[in-house]
>>> print(open('upload_21.cif').read())   # mmCIF, N, CA and C atoms
data_run
#
loop_
_atom_site.group_PDB
_atom_site.id
_atom_site.type_symbol
_atom_site.label_atom_id
_atom_site.label_comp_id
_atom_site.auth_asym_id
_atom_site.auth_seq_id
_atom_site.Cartn_x
_atom_site.Cartn_y
_atom_site.Cartn_z
ATOM 1 N N MET A 1 -22.726 -7.784 -4.220
ATOM 2 C CA MET A 1 -21.337 -7.466 -3.919
ATOM 3 C C MET A 1 -21.236 -5.969 -3.621
ATOM 4 N N PRO A 2 -20.705 -5.570 -2.457
ATOM 5 C CA PRO A 2 -20.556 -4.147 -2.150
ATOM 6 C C PRO A 2 -19.641 -3.460 -3.161
ATOM 7 N N GLU A 3 -19.934 -2.214 -3.450
ATOM 8 C CA GLU A 3 -19.169 -1.456 -4.447
ATOM 9 C C GLU A 3 -17.683 -1.387 -4.105
ATOM 10 N N HIS A 4 -17.366 -1.233 -2.811
ATOM 11 C CA HIS A 4 -15.962 -1.078 -2.433
ATOM 12 C C HIS A 4 -15.147 -2.332 -2.690
ATOM 13 N N SER A 5 -15.810 -3.475 -2.904
ATOM 14 C CA SER A 5 -15.072 -4.709 -3.107
ATOM 15 C C SER A 5 -14.963 -5.091 -4.584
ATOM 16 N N HIS A 6 -15.478 -4.284 -5.472
ATOM 17 C CA HIS A 6 -15.382 -4.565 -6.897
ATOM 18 C C HIS A 6 -13.919 -4.448 -7.338
ATOM 19 N N PRO A 7 -13.423 -5.392 -8.148
ATOM 20 C CA PRO A 7 -12.010 -5.357 -8.549
ATOM 21 C C PRO A 7 -11.559 -4.040 -9.185
ATOM 22 N N THR A 8 -12.398 -3.444 -10.046
ATOM 23 C CA THR A 8 -11.968 -2.186 -10.670
ATOM 24 C C THR A 8 -11.908 -1.044 -9.659
ATOM 25 N N THR A 9 -12.807 -1.072 -8.676
ATOM 26 C CA THR A 9 -12.765 -0.074 -7.610
ATOM 27 C C THR A 9 -11.506 -0.257 -6.772
ATOM 28 N N GLN A 10 -11.173 -1.509 -6.495
ATOM 29 C CA GLN A 10 -9.959 -1.778 -5.727
ATOM 30 C C GLN A 10 -8.708 -1.397 -6.517
ATOM 31 N N LEU A 11 -8.731 -1.594 -7.826
ATOM 32 C CA LEU A 11 -7.592 -1.189 -8.650
ATOM 33 C C LEU A 11 -7.423 0.334 -8.600
ATOM 34 N N ALA A 12 -8.530 1.065 -8.650
ATOM 35 C CA ALA A 12 -8.468 2.528 -8.552
ATOM 36 C C ALA A 12 -7.914 2.950 -7.188
ATOM 37 N N ALA A 13 -8.320 2.259 -6.132
ATOM 38 C CA ALA A 13 -7.800 2.560 -4.794
ATOM 39 C C ALA A 13 -6.309 2.261 -4.714
ATOM 40 N N LEU A 14 -5.888 1.178 -5.349
ATOM 41 C CA LEU A 14 -4.461 0.843 -5.371
ATOM 42 C C LEU A 14 -3.669 1.896 -6.137
ATOM 43 N N GLN A 15 -4.221 2.373 -7.258
ATOM 44 C CA GLN A 15 -3.557 3.422 -8.031
ATOM 45 C C GLN A 15 -3.423 4.698 -7.197
ATOM 46 N N ALA A 16 -4.479 5.052 -6.481
ATOM 47 C CA ALA A 16 -4.433 6.248 -5.634
ATOM 48 C C ALA A 16 -3.394 6.089 -4.528
ATOM 49 N N ALA A 17 -3.319 4.904 -3.940
ATOM 50 C CA ALA A 17 -2.326 4.661 -2.886
ATOM 51 C C ALA A 17 -0.913 4.717 -3.456
ATOM 52 N N LEU A 18 -0.714 4.173 -4.652
ATOM 53 C CA LEU A 18 0.608 4.221 -5.286
ATOM 54 C C LEU A 18 1.008 5.664 -5.574
ATOM 55 N N THR A 19 0.071 6.451 -6.050
ATOM 56 C CA THR A 19 0.346 7.868 -6.304
ATOM 57 C C THR A 19 0.709 8.578 -5.007
ATOM 58 N N ALA A 20 -0.040 8.312 -3.952
ATOM 59 C CA ALA A 20 0.254 8.926 -2.651
ATOM 60 C C ALA A 20 1.624 8.502 -2.148
ATOM 61 N N HIS A 21 1.965 7.234 -2.334
ATOM 62 C CA HIS A 21 3.286 6.768 -1.904
ATOM 63 C C HIS A 21 4.383 7.429 -2.736
ATOM 64 N N SER A 22 4.176 7.516 -4.031
ATOM 65 C CA SER A 22 5.168 8.138 -4.919
ATOM 66 C C SER A 22 5.412 9.597 -4.553
ATOM 67 N N GLN A 23 4.359 10.270 -4.077
ATOM 68 C CA GLN A 23 4.468 11.682 -3.710
ATOM 69 C C GLN A 23 4.953 11.874 -2.278
ATOM 70 N N GLY A 24 5.138 10.776 -1.553
ATOM 71 C CA GLY A 24 5.669 10.855 -0.202
ATOM 72 C C GLY A 24 4.641 11.033 0.894
ATOM 73 N N SER A 25 3.357 10.959 0.553
ATOM 74 C CA SER A 25 2.333 11.155 1.582
ATOM 75 C C SER A 25 1.810 9.847 2.169
ATOM 76 N N LEU A 26 2.335 8.714 1.712
ATOM 77 C CA LEU A 26 1.959 7.402 2.236
ATOM 78 C C LEU A 26 3.222 6.562 2.323
ATOM 79 N N GLY A 27 3.507 6.051 3.493
ATOM 80 C CA GLY A 27 4.710 5.254 3.694
ATOM 81 C C GLY A 27 4.654 3.911 2.993
ATOM 82 N N ALA A 28 5.816 3.280 2.857
ATOM 83 C CA ALA A 28 5.902 1.989 2.176
ATOM 84 C C ALA A 28 5.097 0.915 2.899
ATOM 85 N N ALA A 29 5.172 0.885 4.217
ATOM 86 C CA ALA A 29 4.439 -0.140 4.976
ATOM 87 C C ALA A 29 2.934 0.048 4.825
ATOM 88 N N ALA A 30 2.472 1.291 4.897
ATOM 89 C CA ALA A 30 1.041 1.564 4.745
ATOM 90 C C ALA A 30 0.576 1.227 3.327
ATOM 91 N N PHE A 31 1.399 1.563 2.340
ATOM 92 C CA PHE A 31 1.056 1.217 0.965
ATOM 93 C C PHE A 31 0.975 -0.300 0.810
ATOM 94 N N GLY A 32 1.947 -1.008 1.359
ATOM 95 C CA GLY A 32 1.950 -2.472 1.279
ATOM 96 C C GLY A 32 0.719 -3.075 1.918
ATOM 97 N N THR A 33 0.327 -2.540 3.067
ATOM 98 C CA THR A 33 -0.871 -3.029 3.756
ATOM 99 C C THR A 33 -2.107 -2.803 2.898
ATOM 100 N N GLN A 34 -2.221 -1.619 2.312
ATOM 101 C CA GLN A 34 -3.373 -1.323 1.458
ATOM 102 C C GLN A 34 -3.391 -2.222 0.222
ATOM 103 N N ALA A 35 -2.222 -2.407 -0.381
ATOM 104 C CA ALA A 35 -2.156 -3.233 -1.590
ATOM 105 C C ALA A 35 -2.548 -4.673 -1.291
ATOM 106 N N ARG A 36 -2.060 -5.203 -0.183
ATOM 107 C CA ARG A 36 -2.373 -6.588 0.179
ATOM 108 C C ARG A 36 -3.844 -6.774 0.543
ATOM 109 N N ALA A 37 -4.520 -5.705 0.919
ATOM 110 C CA ALA A 37 -5.928 -5.784 1.321
ATOM 111 C C ALA A 37 -6.881 -5.865 0.129
ATOM 112 N N GLN A 38 -6.400 -5.686 -1.075
ATOM 113 C CA GLN A 38 -7.245 -5.682 -2.273
ATOM 114 C C GLN A 38 -7.514 -7.116 -2.733
ATOM 115 N N LYS A 39 -8.170 -7.890 -1.888
ATOM 116 C CA LYS A 39 -8.376 -9.330 -2.114
ATOM 117 C C LYS A 39 -9.213 -9.626 -3.357
ATOM 118 N N GLU A 40 -10.279 -8.873 -3.567
ATOM 119 C CA GLU A 40 -11.134 -9.130 -4.722
ATOM 120 C C GLU A 40 -10.404 -8.826 -6.029
ATOM 121 N N LEU A 41 -9.587 -7.780 -6.021
ATOM 122 C CA LEU A 41 -8.780 -7.461 -7.199
ATOM 123 C C LEU A 41 -7.845 -8.620 -7.508
ATOM 124 N N LEU A 42 -7.125 -9.081 -6.504
ATOM 125 C CA LEU A 42 -6.175 -10.171 -6.723
ATOM 126 C C LEU A 42 -6.888 -11.455 -7.148
ATOM 127 N N ALA A 43 -8.074 -11.696 -6.606
ATOM 128 C CA ALA A 43 -8.833 -12.893 -6.968
ATOM 129 C C ALA A 43 -9.328 -12.828 -8.416
ATOM 130 N N ALA A 44 -9.545 -11.620 -8.929
ATOM 131 C CA ALA A 44 -10.058 -11.450 -10.292
ATOM 132 C C ALA A 44 -8.961 -11.555 -11.351
ATOM 133 N N LEU A 45 -7.713 -11.544 -10.919
ATOM 134 C CA LEU A 45 -6.578 -11.588 -11.842
ATOM 135 C C LEU A 45 -5.960 -12.986 -11.853
ATOM 136 N N PRO A 46 -5.209 -13.315 -12.910
ATOM 137 C CA PRO A 46 -4.490 -14.598 -12.911
ATOM 138 C C PRO A 46 -3.556 -14.684 -11.695
ATOM 139 N N PRO A 47 -3.331 -15.886 -11.166
ATOM 140 C CA PRO A 47 -2.522 -16.051 -9.952
ATOM 141 C C PRO A 47 -1.136 -15.398 -10.013
ATOM 142 N N ARG A 48 -0.546 -15.361 -11.178
ATOM 143 C CA ARG A 48 0.799 -14.781 -11.321
ATOM 144 C C ARG A 48 0.818 -13.310 -10.898
ATOM 145 N N TYR A 49 -0.268 -12.603 -11.108
ATOM 146 C CA TYR A 49 -0.323 -11.191 -10.717
ATOM 147 C C TYR A 49 -0.099 -11.033 -9.215
ATOM 148 N N GLY A 50 -0.731 -11.884 -8.431
ATOM 149 C CA GLY A 50 -0.563 -11.827 -6.982
ATOM 150 C C GLY A 50 0.869 -12.098 -6.574
ATOM 151 N N GLU A 51 1.484 -13.091 -7.202
ATOM 152 C CA GLU A 51 2.873 -13.427 -6.898
ATOM 153 C C GLU A 51 3.796 -12.240 -7.189
ATOM 154 N N VAL A 52 3.611 -11.639 -8.335
ATOM 155 C CA VAL A 52 4.455 -10.508 -8.741
ATOM 156 C C VAL A 52 4.235 -9.317 -7.807
ATOM 157 N N LEU A 53 2.979 -9.021 -7.495
ATOM 158 C CA LEU A 53 2.690 -7.892 -6.618
ATOM 159 C C LEU A 53 3.327 -8.096 -5.244
ATOM 160 N N LEU A 54 3.165 -9.267 -4.676
ATOM 161 C CA LEU A 54 3.750 -9.521 -3.353
ATOM 162 C C LEU A 54 5.261 -9.397 -3.377
ATOM 163 N N ASN A 55 5.895 -9.864 -4.444
ATOM 164 C CA ASN A 55 7.343 -9.725 -4.574
ATOM 165 C C ASN A 55 7.743 -8.255 -4.636
ATOM 166 N N LEU A 56 7.031 -7.477 -5.437
ATOM 167 C CA LEU A 56 7.331 -6.042 -5.539
ATOM 168 C C LEU A 56 7.113 -5.331 -4.205
ATOM 169 N N LEU A 57 6.041 -5.687 -3.503
ATOM 170 C CA LEU A 57 5.773 -5.055 -2.205
ATOM 171 C C LEU A 57 6.857 -5.400 -1.189
ATOM 172 N N ASP A 58 7.282 -6.651 -1.179
ATOM 173 C CA ASP A 58 8.361 -7.048 -0.266
ATOM 174 C C ASP A 58 9.625 -6.244 -0.552
ATOM 175 N N ARG A 59 9.948 -6.086 -1.817
ATOM 176 C CA ARG A 59 11.147 -5.326 -2.189
ATOM 177 C C ARG A 59 10.999 -3.844 -1.842
ATOM 178 N N LEU A 60 9.801 -3.299 -2.062
ATOM 179 C CA LEU A 60 9.561 -1.887 -1.744
ATOM 180 C C LEU A 60 9.699 -1.650 -0.241
ATOM 181 N N GLU A 61 9.109 -2.542 0.548
ATOM 182 C CA GLU A 61 9.187 -2.390 1.998
ATOM 183 C C GLU A 61 10.627 -2.548 2.489
ATOM 184 N N ALA A 62 11.371 -3.449 1.882
ATOM 185 C CA ALA A 62 12.776 -3.603 2.253
ATOM 186 C C ALA A 62 13.581 -2.371 1.847
ATOM 187 N N SER A 63 13.239 -1.785 0.704
ATOM 188 C CA SER A 63 13.976 -0.602 0.244
ATOM 189 C C SER A 63 13.744 0.592 1.158
ATOM 190 N N ALA A 64 12.618 0.591 1.869
ATOM 191 C CA ALA A 64 12.317 1.694 2.789
ATOM 192 C C ALA A 64 13.300 1.722 3.953
ATOM 193 N N LEU A 65 14.017 0.632 4.160
ATOM 194 C CA LEU A 65 15.015 0.580 5.233
ATOM 195 C C LEU A 65 16.273 1.375 4.883
ATOM 196 N N PHE A 66 16.430 1.677 3.598
ATOM 197 C CA PHE A 66 17.597 2.416 3.141
ATOM 198 C C PHE A 66 17.232 3.874 2.926
ATOM 199 N N THR A 67 18.129 4.765 3.297
ATOM 200 C CA THR A 67 17.849 6.188 3.120
ATOM 201 C C THR A 67 18.222 6.679 1.731
ATOM 202 N N GLU A 68 19.061 5.951 1.020
ATOM 203 C CA GLU A 68 19.469 6.341 -0.325
ATOM 204 C C GLU A 68 19.214 5.174 -1.271
ATOM 205 N N GLU A 69 19.273 5.462 -2.562
ATOM 206 C CA GLU A 69 19.148 4.399 -3.549
ATOM 207 C C GLU A 69 20.329 3.450 -3.386
ATOM 208 N N SER A 70 20.077 2.182 -3.435
ATOM 209 C CA SER A 70 21.169 1.212 -3.388
ATOM 210 C C SER A 70 21.109 0.380 -4.655
ATOM 211 N N CYS A 71 22.172 -0.327 -4.917
ATOM 212 C CA CYS A 71 22.179 -1.127 -6.142
ATOM 213 C C CYS A 71 21.145 -2.249 -6.067
ATOM 214 N N SER A 72 20.782 -2.694 -4.870
ATOM 215 C CA SER A 72 19.819 -3.775 -4.715
ATOM 216 C C SER A 72 18.379 -3.270 -4.723
ATOM 217 N N PHE A 73 18.164 -2.066 -4.233
ATOM 218 C CA PHE A 73 16.799 -1.562 -4.060
ATOM 219 C C PHE A 73 16.688 -0.146 -4.605
ATOM 220 N N SER A 74 16.297 -0.018 -5.845
ATOM 221 C CA SER A 74 16.055 1.295 -6.428
ATOM 222 C C SER A 74 14.579 1.623 -6.258
ATOM 223 N N ARG A 75 14.281 2.579 -5.384
ATOM 224 C CA ARG A 75 12.894 2.951 -5.120
ATOM 225 C C ARG A 75 12.187 3.386 -6.397
ATOM 226 N N SER A 76 12.844 4.210 -7.195
ATOM 227 C CA SER A 76 12.190 4.693 -8.416
ATOM 228 C C SER A 76 11.908 3.545 -9.383
ATOM 229 N N SER A 77 12.804 2.592 -9.482
ATOM 230 C CA SER A 77 12.578 1.438 -10.341
ATOM 231 C C SER A 77 11.420 0.588 -9.822
ATOM 232 N N LEU A 78 11.364 0.402 -8.510
ATOM 233 C CA LEU A 78 10.256 -0.364 -7.926
ATOM 234 C C LEU A 78 8.923 0.334 -8.163
ATOM 235 N N LEU A 79 8.909 1.646 -8.024
ATOM 236 C CA LEU A 79 7.676 2.397 -8.284
ATOM 237 C C LEU A 79 7.260 2.261 -9.749
ATOM 238 N N ASP A 80 8.234 2.285 -10.654
ATOM 239 C CA ASP A 80 7.935 2.088 -12.074
ATOM 240 C C ASP A 80 7.335 0.703 -12.314
ATOM 241 N N HIS A 81 7.905 -0.312 -11.663
ATOM 242 C CA HIS A 81 7.394 -1.675 -11.815
ATOM 243 C C HIS A 81 5.986 -1.810 -11.222
ATOM 244 N N LEU A 82 5.755 -1.158 -10.091
ATOM 245 C CA LEU A 82 4.414 -1.191 -9.497
ATOM 246 C C LEU A 82 3.397 -0.500 -10.403
ATOM 247 N N GLN A 83 3.791 0.616 -11.018
ATOM 248 C CA GLN A 83 2.877 1.296 -11.946
ATOM 249 C C GLN A 83 2.603 0.411 -13.149
ATOM 250 N N ALA A 84 3.616 -0.270 -13.648
ATOM 251 C CA ALA A 84 3.409 -1.191 -14.772
ATOM 252 C C ALA A 84 2.462 -2.317 -14.370
ATOM 253 N N TRP A 85 2.595 -2.797 -13.124
ATOM 254 C CA TRP A 85 1.705 -3.846 -12.629
ATOM 255 C C TRP A 85 0.260 -3.339 -12.631
ATOM 256 N N VAL A 86 0.044 -2.140 -12.106
ATOM 257 C CA VAL A 86 -1.299 -1.552 -12.068
ATOM 258 C C VAL A 86 -1.856 -1.421 -13.488
ATOM 259 N N ASP A 87 -1.027 -0.945 -14.406
ATOM 260 C CA ASP A 87 -1.473 -0.780 -15.794
ATOM 261 C C ASP A 87 -1.865 -2.118 -16.420
ATOM 262 N N LYS A 88 -1.029 -3.136 -16.215
ATOM 263 C CA LYS A 88 -1.316 -4.455 -16.788
ATOM 264 C C LYS A 88 -2.525 -5.096 -16.115
ATOM 265 N N ALA A 89 -2.673 -4.889 -14.814
ATOM 266 C CA ALA A 89 -3.842 -5.420 -14.111
ATOM 267 C C ALA A 89 -5.118 -4.792 -14.666
ATOM 268 N N GLY A 90 -5.069 -3.493 -14.916
ATOM 269 C CA GLY A 90 -6.227 -2.811 -15.496
ATOM 270 C C GLY A 90 -6.572 -3.354 -16.871
ATOM 271 N N ALA A 91 -5.558 -3.599 -17.682
ATOM 272 C CA ALA A 91 -5.788 -4.151 -19.011
ATOM 273 C C ALA A 91 -6.372 -5.567 -18.914
ATOM 274 N N SER A 92 -5.869 -6.338 -17.974
ATOM 275 C CA SER A 92 -6.368 -7.703 -17.780
ATOM 276 C C SER A 92 -7.827 -7.700 -17.330
ATOM 277 N N LEU A 93 -8.172 -6.763 -16.447
ATOM 278 C CA LEU A 93 -9.568 -6.661 -16.009
ATOM 279 C C LEU A 93 -10.479 -6.254 -17.164
ATOM 280 N N GLN A 94 -10.007 -5.370 -18.036
ATOM 281 C CA GLN A 94 -10.804 -4.937 -19.194
ATOM 282 C C GLN A 94 -11.087 -6.107 -20.123
ATOM 283 N N VAL A 95 -10.076 -6.944 -20.341
ATOM 284 C CA VAL A 95 -10.231 -8.096 -21.214
ATOM 285 C C VAL A 95 -11.222 -9.091 -20.628
ATOM 286 N N ALA A 96 -11.189 -9.232 -19.298
ATOM 287 C CA ALA A 96 -12.046 -10.206 -18.619
ATOM 288 C C ALA A 96 -13.520 -9.792 -18.609
ATOM 289 N N GLN A 97 -13.803 -8.510 -18.838
ATOM 290 C CA GLN A 97 -15.186 -8.036 -18.759
ATOM 291 C C GLN A 97 -15.957 -8.324 -20.013
#
>>> encode(input="upload_21.cif", output="structure tokens")
Amino acid sequence: MPEHSHPTTQLAALQAALTAHSQGSLGAAAFGTQARAQKELLAALPPRYGEVLLNLLDRLEASALFTEESCSFSRSSLLDHLQAWVDKAGASLQVAQ
């Protein structure tokens, strides 16, 4: 298995992309594309993780259409939820090892 496809490596790449997006150096669409590309990571986690991540990404990408925080799409709240997802995914991978 190539190193770049290892689930923990992909989780680290996802964390880096989330940090870049949070700092404004990576757009929502690019972040979503990168997150969805982490196939081995998603395959290594319980199926519910994939469902939750895709839902969060859809909401994040939709929120990018708004220039200000709206009651339906709080960018900061979505970023917090994505960080929690990354943290829980990391914990789940640790348990599985």
>>> resolve_selection(input="upload_21.cif", expression="the PyMOL selection byres ((chain A and resi 28) around 8)", output="ChimeraX atom specification")
/A:21,25-27,29-34,57,60-62,64
>>> atom_distance(input="upload_21.cif", atom1="atom CA of A:Leu18", atom2="atom N of A:Ala44")
19.2 Å
>>> closest_residue(input="upload_21.cif", among="A:Ala12, A:His6, A:Arg59, A:Thr19", to="A:Gly90", atoms="only C-alpha atoms")
A:Ala12
>>> select_by_dssp(input="upload_21.cif", residues="stretch 9-85 of chain A", states="helix (DSSP H, G or I)", output="PyMOL selection string")
chain A and resi 9-22+28-36+39-44+47-63+75-85
>>> residues_around(input="upload_21.cif", residues="A:Leu41", least_positions_apart="4", cutoff="10 Å", atoms="only C-alpha atoms", output="number ranges by chain")
A: 5-11, 14, 35-37, 45, 49-50, 89-90, 93
